[in-house]
>>> print(open('final-v1.cif').read())   # mmCIF, C-alpha atoms
data_protein
loop_
_atom_site.group_PDB
_atom_site.id
_atom_site.type_symbol
_atom_site.label_atom_id
_atom_site.label_comp_id
_atom_site.auth_asym_id
_atom_site.auth_seq_id
_atom_site.Cartn_x
_atom_site.Cartn_y
_atom_site.Cartn_z
ATOM 1 C CA MET A 415 -85.538 -155.868 -76.663
ATOM 2 C CA LYS A 416 -83.849 -154.618 -79.799
ATOM 3 C CA LEU A 417 -80.101 -154.254 -79.394
ATOM 4 C CA LEU A 418 -78.988 -150.669 -79.992
ATOM 5 C CA LYS A 419 -75.754 -149.781 -81.713
ATOM 6 C CA THR A 420 -73.838 -148.133 -78.887
ATOM 7 C CA GLY A 421 -70.431 -146.508 -79.017
ATOM 8 C CA LEU A 422 -67.983 -146.474 -76.105
ATOM 9 C CA TYR A 423 -65.176 -143.931 -75.838
ATOM 10 C CA GLY A 424 -62.439 -143.836 -73.216
ATOM 11 C CA ARG A 425 -58.850 -142.808 -72.784
ATOM 12 C CA PRO A 426 -56.277 -145.585 -73.183
ATOM 13 C CA SER A 427 -54.462 -144.324 -70.086
ATOM 14 C CA GLY A 428 -57.105 -146.024 -68.070
ATOM 15 C CA VAL A 429 -59.941 -146.136 -65.607
ATOM 16 C CA ASP A 430 -58.863 -147.193 -62.131
ATOM 17 C CA ASP A 431 -62.099 -148.825 -60.957
ATOM 18 C CA THR A 432 -61.719 -152.180 -62.697
ATOM 19 C CA GLY A 433 -64.822 -153.669 -61.077
ATOM 20 C CA LYS A 434 -67.186 -150.933 -62.241
ATOM 21 C CA LEU A 435 -65.558 -150.924 -65.668
ATOM 22 C CA ALA A 436 -66.124 -154.675 -65.964
ATOM 23 C CA THR A 437 -69.780 -154.134 -65.028
ATOM 24 C CA LEU A 438 -70.121 -151.527 -67.763
ATOM 25 C CA ILE A 439 -68.619 -153.799 -70.435
ATOM 26 C CA LYS A 440 -70.727 -156.784 -69.338
ATOM 27 C CA ILE A 441 -73.987 -154.862 -69.548
ATOM 28 C CA LEU A 442 -73.110 -153.317 -72.905
ATOM 29 C CA GLN A 443 -72.245 -156.684 -74.417
ATOM 30 C CA GLU A 444 -75.595 -158.053 -73.239
ATOM 31 C CA LYS A 445 -77.777 -155.115 -74.270
ATOM 32 C CA ALA A 446 -76.059 -153.442 -77.203
ATOM 33 C CA VAL A 447 -74.231 -153.919 -80.459
ATOM 34 C CA LEU A 448 -71.010 -152.467 -79.124
ATOM 35 C CA TYR A 449 -68.539 -150.198 -80.942
ATOM 36 C CA VAL A 450 -65.410 -149.278 -78.963
ATOM 37 C CA TYR A 451 -62.765 -146.618 -79.612
ATOM 38 C CA GLU A 452 -59.800 -148.751 -80.671
ATOM 39 C CA PRO A 453 -57.072 -147.357 -78.356
ATOM 40 C CA PHE A 454 -59.476 -147.820 -75.434
ATOM 41 C CA LEU A 455 -60.346 -151.333 -76.642
ATOM 42 C CA VAL A 456 -56.666 -152.316 -76.606
ATOM 43 C CA TYR A 457 -56.417 -151.001 -73.052
ATOM 44 C CA LEU A 458 -59.549 -152.919 -71.977
ATOM 45 C CA GLN A 459 -58.370 -156.209 -73.471
ATOM 46 C CA GLU A 460 -54.997 -155.850 -71.776
ATOM 47 C CA LYS A 461 -56.714 -154.910 -68.500
ATOM 48 C CA PHE A 462 -59.069 -157.886 -68.478
ATOM 49 C CA GLY A 463 -56.846 -160.349 -70.361
ATOM 50 C CA THR A 464 -59.659 -161.353 -72.692
ATOM 51 C CA LEU A 465 -61.074 -160.454 -76.082
ATOM 52 C CA ILE A 466 -64.124 -158.194 -76.110
ATOM 53 C CA GLU A 467 -66.726 -158.872 -78.768
ATOM 54 C CA CYS A 468 -67.337 -155.570 -80.502
ATOM 55 C CA GLU A 469 -66.773 -153.444 -83.556
ATOM 56 C CA ARG A 470 -64.147 -150.723 -83.354
ATOM 57 C CA PHE A 471 -63.603 -147.148 -84.487
ATOM 58 C CA THR A 472 -60.556 -144.912 -84.528
ATOM 59 C CA SER A 473 -61.857 -141.648 -85.978
ATOM 60 C CA THR A 474 -65.106 -139.837 -86.667
ATOM 61 C CA LYS A 475 -65.033 -141.262 -90.205
ATOM 62 C CA ASP A 476 -65.290 -144.827 -88.859
ATOM 63 C CA ILE A 477 -68.525 -144.312 -86.967
ATOM 64 C CA GLY A 478 -70.902 -143.608 -89.804
ATOM 65 C CA ASP A 479 -74.489 -142.706 -88.961
ATOM 66 C CA GLY A 480 -75.637 -145.955 -87.393
ATOM 67 C CA LEU A 481 -74.979 -145.392 -83.680
ATOM 68 C CA ALA A 482 -77.991 -144.793 -81.451
ATOM 69 C CA CYS A 483 -75.872 -143.300 -78.680
ATOM 70 C CA LEU A 484 -72.299 -142.790 -77.524
ATOM 71 C CA LEU A 485 -71.009 -143.421 -74.000
ATOM 72 C CA SER A 486 -67.983 -141.699 -72.518
ATOM 73 C CA ALA A 487 -66.145 -143.633 -69.771
ATOM 74 C CA GLY A 488 -63.968 -141.275 -67.738
ATOM 75 C CA GLY A 489 -64.147 -137.740 -66.442
ATOM 76 C CA ASP A 490 -65.155 -134.461 -68.034
ATOM 77 C CA GLY A 491 -61.940 -134.310 -70.080
ATOM 78 C CA THR A 492 -62.762 -137.668 -71.638
ATOM 79 C CA PHE A 493 -66.307 -136.444 -72.297
ATOM 80 C CA LEU A 494 -64.970 -133.400 -74.163
ATOM 81 C CA GLU A 495 -62.909 -135.676 -76.419
ATOM 82 C CA ALA A 496 -65.858 -138.003 -77.022
ATOM 83 C CA SER A 497 -68.132 -135.052 -77.790
ATOM 84 C CA GLN A 498 -66.271 -134.441 -81.063
ATOM 85 C CA PHE A 499 -67.550 -137.807 -82.349
ATOM 86 C CA SER A 500 -71.040 -137.008 -81.078
ATOM 87 C CA ILE A 501 -71.190 -133.560 -82.673
ATOM 88 C CA GLU A 502 -69.949 -134.620 -86.097
ATOM 89 C CA HIS A 503 -72.527 -137.394 -86.444
ATOM 90 C CA ASP A 504 -75.336 -135.895 -84.336
ATOM 91 C CA ILE A 505 -75.212 -138.830 -81.895
ATOM 92 C CA PRO A 506 -76.686 -138.437 -78.383
ATOM 93 C CA ILE A 507 -73.984 -138.799 -75.716
ATOM 94 C CA LEU A 508 -73.983 -139.917 -72.071
ATOM 95 C CA GLY A 509 -71.023 -139.677 -69.702
ATOM 96 C CA ILE A 510 -70.152 -142.369 -67.134
ATOM 97 C CA ASN A 511 -68.046 -140.655 -64.482
ATOM 98 C CA PHE A 512 -64.870 -142.525 -63.606
ATOM 99 C CA GLY A 513 -63.152 -139.198 -62.995
ATOM 100 C CA ARG A 514 -63.462 -136.626 -60.220
ATOM 101 C CA LEU A 515 -65.917 -133.717 -60.455
ATOM 102 C CA GLY A 516 -68.115 -134.877 -63.326
ATOM 103 C CA PHE A 517 -70.389 -132.071 -64.491
ATOM 104 C CA LEU A 518 -70.527 -133.463 -68.025
ATOM 105 C CA ALA A 519 -70.066 -137.123 -67.102
ATOM 106 C CA GLN A 520 -73.262 -137.201 -65.072
ATOM 107 C CA VAL A 521 -73.586 -140.901 -64.163
ATOM 108 C CA PRO A 522 -71.589 -141.930 -61.059
ATOM 109 C CA ALA A 523 -69.688 -145.189 -61.492
ATOM 110 C CA ASN A 524 -71.757 -146.778 -58.711
ATOM 111 C CA GLU A 525 -74.997 -146.089 -60.630
ATOM 112 C CA ILE A 526 -74.049 -147.712 -63.929
ATOM 113 C CA GLU A 527 -76.684 -150.455 -63.841
ATOM 114 C CA PRO A 528 -79.809 -148.321 -63.223
ATOM 115 C CA ALA A 529 -78.509 -145.635 -65.580
ATOM 116 C CA LEU A 530 -78.050 -148.105 -68.443
ATOM 117 C CA ASP A 531 -81.469 -149.597 -67.708
ATOM 118 C CA ASP A 532 -82.954 -146.123 -68.208
ATOM 119 C CA LEU A 533 -80.843 -145.582 -71.316
ATOM 120 C CA PHE A 534 -81.890 -148.773 -73.076
ATOM 121 C CA GLU A 535 -85.518 -148.360 -71.987
ATOM 122 C CA HIS A 536 -85.470 -144.809 -73.439
ATOM 123 C CA ASN A 537 -86.227 -143.183 -70.083
ATOM 124 C CA TYR A 538 -84.407 -139.992 -70.943
ATOM 125 C CA THR A 539 -84.650 -136.730 -72.824
ATOM 126 C CA VAL A 540 -82.076 -135.076 -75.077
ATOM 127 C CA GLU A 541 -80.871 -131.560 -74.296
ATOM 128 C CA LYS A 542 -79.508 -129.458 -77.123
ATOM 129 C CA ARG A 543 -76.303 -127.948 -75.710
ATOM 130 C CA SER A 544 -74.997 -124.929 -77.602
ATOM 131 C CA LEU A 545 -71.462 -124.766 -78.978
ATOM 132 C CA ILE A 546 -68.983 -122.016 -79.789
ATOM 133 C CA SER A 547 -67.469 -121.879 -83.269
ATOM 134 C CA VAL A 548 -63.980 -120.413 -83.534
ATOM 135 C CA TYR A 549 -62.643 -118.847 -86.729
ATOM 136 C CA SER A 550 -59.506 -117.037 -87.777
ATOM 137 C CA GLY A 551 -60.232 -113.327 -87.548
ATOM 138 C CA ASP A 552 -57.839 -112.676 -90.445
ATOM 139 C CA ASN A 553 -59.069 -115.024 -93.174
ATOM 140 C CA GLY A 554 -62.304 -116.429 -91.705
ATOM 141 C CA ASP A 555 -61.099 -120.056 -91.731
ATOM 142 C CA PHE A 556 -62.942 -122.348 -89.326
ATOM 143 C CA ILE A 557 -60.724 -123.693 -86.543
ATOM 144 C CA ALA A 558 -62.921 -125.791 -84.231
ATOM 145 C CA ASN A 559 -66.052 -125.977 -82.080
ATOM 146 C CA ALA A 560 -66.036 -125.769 -78.287
ATOM 147 C CA LEU A 561 -68.566 -127.199 -75.834
ATOM 148 C CA ASN A 562 -67.149 -125.491 -72.728
ATOM 149 C CA GLU A 563 -65.033 -122.508 -73.653
ATOM 150 C CA VAL A 564 -62.511 -120.763 -75.820
ATOM 151 C CA ALA A 565 -59.522 -119.281 -74.000
ATOM 152 C CA VAL A 566 -56.549 -117.164 -74.992
ATOM 153 C CA GLN A 567 -53.762 -117.289 -72.425
ATOM 154 C CA ARG A 568 -50.203 -116.193 -71.834
ATOM 155 C CA ASN A 569 -47.490 -118.804 -72.350
ATOM 156 C CA ASN A 570 -44.845 -116.967 -70.310
ATOM 157 C CA PRO A 571 -44.763 -114.789 -67.151
ATOM 158 C CA THR A 572 -45.752 -111.626 -69.061
ATOM 159 C CA MET A 573 -49.390 -110.471 -69.197
ATOM 160 C CA ILE A 574 -51.165 -110.349 -72.524
ATOM 161 C CA LYS A 575 -53.538 -107.733 -73.894
ATOM 162 C CA THR A 576 -56.836 -108.899 -75.382
ATOM 163 C CA THR A 577 -58.985 -106.330 -77.155
ATOM 164 C CA VAL A 578 -62.579 -107.496 -77.481
ATOM 165 C CA THR A 579 -65.299 -106.173 -79.770
ATOM 166 C CA VAL A 580 -68.898 -107.381 -79.665
ATOM 167 C CA ASN A 581 -70.923 -106.857 -82.831
ATOM 168 C CA ASP A 582 -68.229 -104.447 -84.037
ATOM 169 C CA GLU A 583 -68.424 -102.322 -80.883
ATOM 170 C CA LEU A 584 -65.490 -102.103 -78.466
ATOM 171 C CA LEU A 585 -66.140 -103.939 -75.200
ATOM 172 C CA SER A 586 -62.750 -103.548 -73.515
ATOM 173 C CA SER A 587 -59.032 -104.140 -73.688
ATOM 174 C CA TYR A 588 -57.973 -106.522 -70.934
ATOM 175 C CA TRP A 589 -54.474 -106.709 -69.445
ATOM 176 C CA SER A 590 -54.508 -110.119 -67.796
ATOM 177 C CA ASP A 591 -53.296 -113.698 -67.866
ATOM 178 C CA GLY A 592 -55.911 -114.374 -70.534
ATOM 179 C CA LEU A 593 -59.567 -114.314 -71.489
ATOM 180 C CA LEU A 594 -62.356 -116.903 -71.569
ATOM 181 C CA ILE A 595 -65.472 -117.009 -73.714
ATOM 182 C CA SER A 596 -67.758 -119.667 -72.276
ATOM 183 C CA THR A 597 -71.020 -121.392 -73.140
ATOM 184 C CA PRO A 598 -73.637 -122.026 -70.421
ATOM 185 C CA THR A 599 -72.351 -125.617 -70.287
ATOM 186 C CA GLY A 600 -68.858 -124.265 -69.683
ATOM 187 C CA SER A 601 -70.026 -121.905 -66.945
ATOM 188 C CA THR A 602 -69.233 -124.641 -64.396
ATOM 189 C CA ALA A 603 -65.777 -125.251 -65.859
ATOM 190 C CA TYR A 604 -62.794 -122.879 -66.222
ATOM 191 C CA SER A 605 -64.983 -119.764 -66.174
ATOM 192 C CA LEU A 606 -66.327 -120.688 -62.740
ATOM 193 C CA SER A 607 -62.849 -120.901 -61.232
ATOM 194 C CA ALA A 608 -62.026 -117.522 -62.806
ATOM 195 C CA GLY A 609 -64.996 -115.880 -61.089
ATOM 196 C CA GLY A 610 -67.662 -116.221 -63.771
ATOM 197 C CA PRO A 611 -71.364 -116.852 -63.043
ATOM 198 C CA ILE A 612 -73.113 -120.222 -63.145
ATOM 199 C CA MET A 613 -75.733 -120.462 -65.886
ATOM 200 C CA LEU A 614 -78.415 -123.025 -66.650
ATOM 201 C CA PRO A 615 -77.519 -125.171 -69.680
ATOM 202 C CA ASP A 616 -80.460 -123.924 -71.757
ATOM 203 C CA THR A 617 -79.582 -120.244 -71.292
ATOM 204 C CA HIS A 618 -78.892 -118.494 -74.601
ATOM 205 C CA ASN A 619 -75.809 -116.520 -73.636
ATOM 206 C CA PHE A 620 -72.026 -116.371 -73.666
ATOM 207 C CA ILE A 621 -69.862 -115.403 -70.701
ATOM 208 C CA ILE A 622 -66.726 -113.312 -71.233
ATOM 209 C CA THR A 623 -64.418 -113.773 -68.247
ATOM 210 C CA PRO A 624 -60.938 -112.269 -67.825
ATOM 211 C CA ILE A 625 -58.303 -114.484 -66.196
ATOM 212 C CA ALA A 626 -56.524 -112.669 -63.339
ATOM 213 C CA PRO A 627 -57.082 -109.163 -64.769
ATOM 214 C CA HIS A 628 -54.610 -106.460 -63.717
ATOM 215 C CA ASN A 629 -57.485 -104.090 -62.983
ATOM 216 C CA LEU A 630 -59.873 -104.555 -60.064
ATOM 217 C CA ASN A 631 -62.887 -102.950 -61.761
ATOM 218 C CA ILE A 632 -62.926 -105.522 -64.583
ATOM 219 C CA ARG A 633 -65.614 -108.191 -64.123
ATOM 220 C CA PRO A 634 -67.133 -111.027 -66.180
ATOM 221 C CA ILE A 635 -69.959 -110.041 -68.498
ATOM 222 C CA VAL A 636 -72.868 -112.030 -69.938
ATOM 223 C CA ILE A 637 -73.923 -111.335 -73.528
ATOM 224 C CA SER A 638 -76.384 -112.845 -75.982
ATOM 225 C CA ASP A 639 -75.167 -115.892 -77.893
ATOM 226 C CA THR A 640 -76.351 -114.227 -81.089
ATOM 227 C CA SER A 641 -73.371 -111.875 -80.749
ATOM 228 C CA LYS A 642 -70.257 -111.943 -82.904
ATOM 229 C CA ILE A 643 -67.090 -111.573 -80.821
ATOM 230 C CA LEU A 644 -63.687 -110.572 -82.141
ATOM 231 C CA VAL A 645 -60.596 -110.921 -79.951
ATOM 232 C CA LYS A 646 -57.185 -109.485 -80.837
ATOM 233 C CA VAL A 647 -54.291 -110.872 -78.820
ATOM 234 C CA ILE A 648 -51.115 -108.912 -78.121
ATOM 235 C CA SER A 649 -48.180 -110.510 -76.310
ATOM 236 C CA ARG A 650 -44.968 -108.599 -75.673
ATOM 237 C CA LYS A 651 -43.079 -111.915 -75.674
ATOM 238 C CA GLY A 652 -44.373 -112.809 -79.124
ATOM 239 C CA ASN A 653 -46.707 -115.780 -78.586
ATOM 240 C CA ALA A 654 -49.823 -116.792 -76.697
ATOM 241 C CA VAL A 655 -51.922 -119.954 -76.399
ATOM 242 C CA LEU A 656 -55.370 -120.551 -77.869
ATOM 243 C CA CYS A 657 -57.339 -123.264 -76.056
ATOM 244 C CA ILE A 658 -60.558 -124.651 -77.533
ATOM 245 C CA ASP A 659 -61.876 -126.947 -74.800
ATOM 246 C CA ASN A 660 -58.929 -129.315 -74.297
ATOM 247 C CA ARG A 661 -57.133 -128.591 -77.599
ATOM 248 C CA MET A 662 -54.226 -126.149 -77.584
ATOM 249 C CA TYR A 663 -52.682 -124.043 -80.362
ATOM 250 C CA GLU A 664 -49.746 -121.647 -80.130
ATOM 251 C CA ILE A 665 -50.567 -118.331 -81.781
ATOM 252 C CA PRO A 666 -48.388 -115.293 -82.588
ATOM 253 C CA SER A 667 -48.934 -111.825 -81.164
ATOM 254 C CA GLY A 668 -51.452 -109.891 -83.246
ATOM 255 C CA THR A 669 -53.661 -112.914 -83.912
ATOM 256 C CA LYS A 670 -57.377 -112.198 -84.289
ATOM 257 C CA ILE A 671 -59.959 -114.792 -83.253
ATOM 258 C CA GLU A 672 -63.625 -114.593 -84.231
ATOM 259 C CA VAL A 673 -66.137 -116.363 -82.013
ATOM 260 C CA LYS A 674 -69.850 -116.961 -82.546
ATOM 261 C CA LYS A 675 -72.528 -119.528 -81.813
ATOM 262 C CA SER A 676 -72.188 -122.724 -83.809
ATOM 263 C CA GLN A 677 -74.945 -124.017 -86.048
ATOM 264 C CA SER A 678 -74.203 -127.470 -84.617
ATOM 265 C CA VAL A 679 -75.283 -128.638 -81.160
ATOM 266 C CA LEU A 680 -74.341 -131.380 -78.732
ATOM 267 C CA ASN A 681 -77.140 -133.865 -78.065
ATOM 268 C CA PHE A 682 -76.744 -134.367 -74.319
ATOM 269 C CA ILE A 683 -78.595 -137.359 -72.857
ATOM 270 C CA LYS A 684 -80.452 -136.267 -69.731
ATOM 271 C CA LEU A 685 -81.572 -139.249 -67.644
ATOM 272 C CA LYS A 686 -84.879 -139.037 -65.800
ATOM 273 C CA ASN A 687 -83.280 -138.421 -62.381
ATOM 274 C CA TYR A 688 -80.827 -135.790 -63.659
ATOM 275 C CA ASN A 689 -81.360 -132.296 -62.287
ATOM 276 C CA PHE A 690 -78.950 -129.392 -62.774
ATOM 277 C CA PHE A 691 -79.602 -127.912 -59.341
ATOM 278 C CA LYS A 692 -79.078 -131.325 -57.750
ATOM 279 C CA THR A 693 -75.758 -131.492 -59.589
ATOM 280 C CA LEU A 694 -74.748 -128.151 -58.064
ATOM 281 C CA HIS A 695 -75.671 -129.496 -54.626
ATOM 282 C CA THR A 696 -73.640 -132.686 -54.989
ATOM 283 C CA LYS A 697 -70.661 -131.445 -57.009
ATOM 284 C CA LEU A 698 -70.123 -127.985 -55.491
ATOM 285 C CA ASN A 699 -71.719 -128.448 -52.058
ATOM 286 C CA TRP A 700 -74.133 -125.736 -53.189
ATOM 287 C CA GLY A 701 -76.267 -124.409 -50.331
ATOM 288 C CA ILE A 702 -74.474 -126.346 -47.589
ATOM 289 C CA ASP A 703 -74.786 -124.171 -44.494
ATOM 290 C CA MET A 704 -74.967 -125.166 -40.833
ATOM 291 C CA ARG A 705 -78.149 -123.041 -40.573
ATOM 292 C CA ASN A 706 -80.026 -125.111 -43.163
#
>>> encode(input="final-v1.cif", output="structure tokens")
Amino acid sequence: MKLLKTGLYGRPSGVDDTGKLATLIKILQEKAVLYVYEPFLVYLQEKFGTLIECERFTSTKDIGDGLACLLSAGGDGTFLEASQFSIEHDIPILGINFGRLGFLAQVPANEIEPALDDLFEHNYTVEKRSLISVYSGDNGDFIANALNEVAVQRNNPTMIKTTVTVNDELLSSYWSDGLLISTPTGSTAYSLSAGGPIMLPDTHNFIITPIAPHNLNIRPIVISDTSKILVKVISRKGNAVLCIDNRMYEIPSGTKIEVKKSQSVLNFIKLKNYNFFKTLHTKLNWGIDMRN
């Protein structure tokens, strides 16, 4: 079997399950030419007290175009960080879940061995997950891409006002704690907890969800992902927070944010036994009812 160049990303703060982590490293060293994110490599070598034979990378520039796939070891937050490497170099990515919920990191830690067997035997498909591109609404400068969502939020006890236009037509002005614009992938993330709908990953839509709106007749809305969205943020205290997945930026009152579908995609590795509805059943107890 030809050894594939495989990247491994993790947070240096750690993965608690040392046994499963050791299994992961052992298999990768046997079956792959391994590249490890350097801060995570330092953590691993300190954890196991031994040197790990691998190449290392510290930024997207270090990876080049030679990796066949990228593995994320951690929870969904770790996956979001790793996805930036995947997106920039168009590398398929698979998440090993050492975290809690694990919608993005689909492989449970106790299924590492069969999952990697499927990976290295190419028993998988690649889903093209859509992304949101965020630009400055004032000068058009690109800010970042998001896999899950873009959020504008208050950074103090005072509500903020977000005025939203879709394709140059006024949608609404929301008085609330903030506003989310989510991809279908992100429909099971922050948007879900704010009352937004669940969407299949291949659905071609965005979800606009207010966060704790101060008006009971305001509800989430689903729009086409071909739409151009402009959000103007007004905060009486002067500042608000822009969140693009797990990256945060402080923004002044009056800031305009333009949001539209990215031309880039995330290549999401879908193993043969992965099923989105099954994930809803296991992660959210979907359909559990004493009558069933």
>>> resolve_selection(input="final-v1.cif", expression="the PyMOL selection byres ((chain A and resi 610) around 9)", output="PyMOL selection string")
chain A and resi 601-602+604-609+611-612+621-624+633-635
>>> atom_distance(input="final-v1.cif", atom1="CA of Leu455 (chain A)", atom2="CA of Ala496 (chain A)")
14.4 Å
>>> closest_residue(input="final-v1.cif", among="A:Thr617, A:Asn629, A:Gln567, A:Thr437", to="Asn524 (chain A)", atoms="all atoms listed in the file")
A:Thr437
>>> residues_near_point(input="final-v1.cif", point="(-65.0, -138.1, -64.0)", cutoff="10 Å", atoms="all atoms listed in the file", output="PyMOL selection string")
chain A and resi 429+486-493+509-523
>>> closest_atom_pairs(input="final-v1.cif", of="region 592-622 of chain A", to="region 558-566 of chain A", cutoff="8 Å", atoms="only C-alpha atoms", output="tab-separated table")
residue	atom	partner	partner_atom	distance
A:Gly592	CA	A:Val566	CA	5.3
A:Leu593	CA	A:Val566	CA	5.4
A:Leu594	CA	A:Ala565	CA	4.4
A:Ile595	CA	A:Val564	CA	5.2
A:Ser596	CA	A:Glu563	CA	4.2
A:Thr597	CA	A:Asn562	CA	5.7
A:Pro598	CA	A:Asn562	CA	7.7
A:Thr599	CA	A:Asn562	CA	5.7
A:Gly600	CA	A:Asn562	CA	3.7
A:Ser601	CA	A:Asn562	CA	7.4
A:Ala603	CA	A:Asn562	CA	7.0
A:Tyr604	CA	A:Glu563	CA	7.8
A:Ser605	CA	A:Glu563	CA	8.0
>>> write_last_selection(input="final-v1.cif", atoms="C-alpha atoms", output="CSV table (one decimal), keeping the file's coordinate frame")
chain,number,residue,atom,x,y,z
A,592,GLY,CA,-55.9,-114.4,-70.5
A,593,LEU,CA,-59.6,-114.3,-71.5
A,594,LEU,CA,-62.4,-116.9,-71.6
A,595,ILE,CA,-65.5,-117.0,-73.7
A,596,SER,CA,-67.8,-119.7,-72.3
A,597,THR,CA,-71.0,-121.4,-73.1
A,598,PRO,CA,-73.6,-122.0,-70.4
A,599,THR,CA,-72.4,-125.6,-70.3
A,600,GLY,CA,-68.9,-124.3,-69.7
A,601,SER,CA,-70.0,-121.9,-66.9
A,603,ALA,CA,-65.8,-125.3,-65.9
A,604,TYR,CA,-62.8,-122.9,-66.2
A,605,SER,CA,-65.0,-119.8,-66.2
>>> residues_near_point(input="final-v1.cif", point="(-77.3, -147.2, -66.7)", cutoff="10 Å", atoms="all atoms listed in the file", output="PyMOL selection string")
chain A and resi 438+441-442+508+510+521-535+685
>>> resolve_selection(input="final-v1.cif", expression="the PyMOL selection byres ((chain A and resi 540-544) around 10)", output="PyMOL selection string")
chain A and resi 506-508+538-539+545-547+560-562+597-599+615-620+639+675-685
>>> closest_atom_pairs(input="final-v1.cif", of="region 485-526 of chain A", to="region 456-478 of chain A", cutoff="8 Å", atoms="all atoms listed in the file", output="Markdown table")
| residue | atom | partner | partner_atom | distance |
| --- | --- | --- | --- | --- |
| A:Gln498 | CA | A:Thr474 | CA | 7.9 |
| A:Phe499 | CA | A:Thr474 | CA | 5.4 |
| A:Glu502 | CA | A:Thr474 | CA | 7.1 |
| A:His503 | CA | A:Gly478 | CA | 7.2 |
>>> residues_around(input="final-v1.cif", residues="Ser590 (chain A)", least_positions_apart="3", cutoff="8 Å", atoms="all atoms listed in the file", output="number ranges by chain")
A: 573-575, 593, 624-628
>>> write_last_selection(input="final-v1.cif", atoms="C-alpha atoms", output="PDB file, in the coordinates of the input")
ATOM      1  CA  MET A 573     -49.390-110.471 -69.197  1.00  0.00           C
ATOM      2  CA  ILE A 574     -51.165-110.349 -72.524  1.00  0.00           C
ATOM      3  CA  LYS A 575     -53.538-107.733 -73.894  1.00  0.00           C
ATOM      4  CA  LEU A 593     -59.567-114.314 -71.489  1.00  0.00           C
ATOM      5  CA  PRO A 624     -60.938-112.269 -67.825  1.00  0.00           C
ATOM      6  CA  ILE A 625     -58.303-114.484 -66.196  1.00  0.00           C
ATOM      7  CA  ALA A 626     -56.524-112.669 -63.339  1.00  0.00           C
ATOM      8  CA  PRO A 627     -57.082-109.163 -64.769  1.00  0.00           C
ATOM      9  CA  HIS A 628     -54.610-106.460 -63.717  1.00  0.00           C
TER      10      HIS A 628
END
>>> closest_residue(input="final-v1.cif", among="A:Ala482, A:Ile505, A:Ile648, A:Leu694", to="Leu614 (chain A)", atoms="all atoms listed in the file")
A:Leu694
>>> resolve_selection(input="final-v1.cif", expression="the PyMOL selection byres ((chain A and resi 585) around 12)", output="ChimeraX atom specification")
/A:576-584,586-588,622,632-637,642-646
>>> atom_distance(input="final-v1.cif", atom1="CA of Val548 (chain A)", atom2="CA of Ile658 (chain A)")
8.1 Å
>>> atom_distance(input="final-v1.cif", atom1="CA of Asn553 (chain A)", atom2="CA of Ser667 (chain A)")
16.0 Å
>>> closest_residue(input="final-v1.cif", among="A:Met662, A:Leu494, A:Ile557, A:Cys483", to="Arg425 (chain A)", atoms="only C-alpha atoms")
A:Leu494
>>> closest_residue(input="final-v1.cif", among="A:Asp591, A:Asp552, A:Asp504, A:Glu672", to="Ala654 (chain A)", atoms="all atoms listed in the file")
A:Asp591
>>> closest_residue(input="final-v1.cif", among="A:Arg661, A:Lys674, A:Arg568, A:Lys445", to="Thr420 (chain A)", atoms="all atoms listed in the file")
A:Lys445
>>> axis_aligned_box(input="final-v1.cif", around="region 537-552 of chain A", padding_each_side="6 Å", output="lines of an AutoDock Vina configuration file")
center_x = -72.0
center_y = -127.9
center_z = -80.3
size_x = 40.4
size_y = 42.5
size_z = 32.4
>>> decode(input="final-v1.cif", residues="region 505-521 of chain A", atoms="C-alpha atoms", output="compact mmCIF listing (two decimals), in the first residue's frame")
# COMPACT_ATOMS: atom_id res chain seq x y z
CA ILE A 505 -7.15 19.29 0.96
CA PRO A 506 -9.88 16.83 2.02
CA ILE A 507 -10.37 16.87 5.80
CA LEU A 508 -11.60 14.31 8.34
CA GLY A 509 -12.31 15.02 12.01
CA ILE A 510 -11.47 12.59 14.83
CA ASN A 511 -13.71 13.53 17.74
CA PHE A 512 -11.87 13.86 21.04
CA GLY A 513 -14.29 16.60 22.04
CA ARG A 514 -17.95 16.55 23.06
CA LEU A 515 -20.74 16.96 20.50
CA GLY A 516 -18.83 16.41 17.27
CA PHE A 517 -20.96 17.35 14.27
CA LEU A 518 -17.90 18.24 12.20
CA ALA A 519 -15.49 15.81 13.86
CA GLN A 520 -17.50 12.79 12.79
CA VAL A 521 -15.28 9.88 13.86
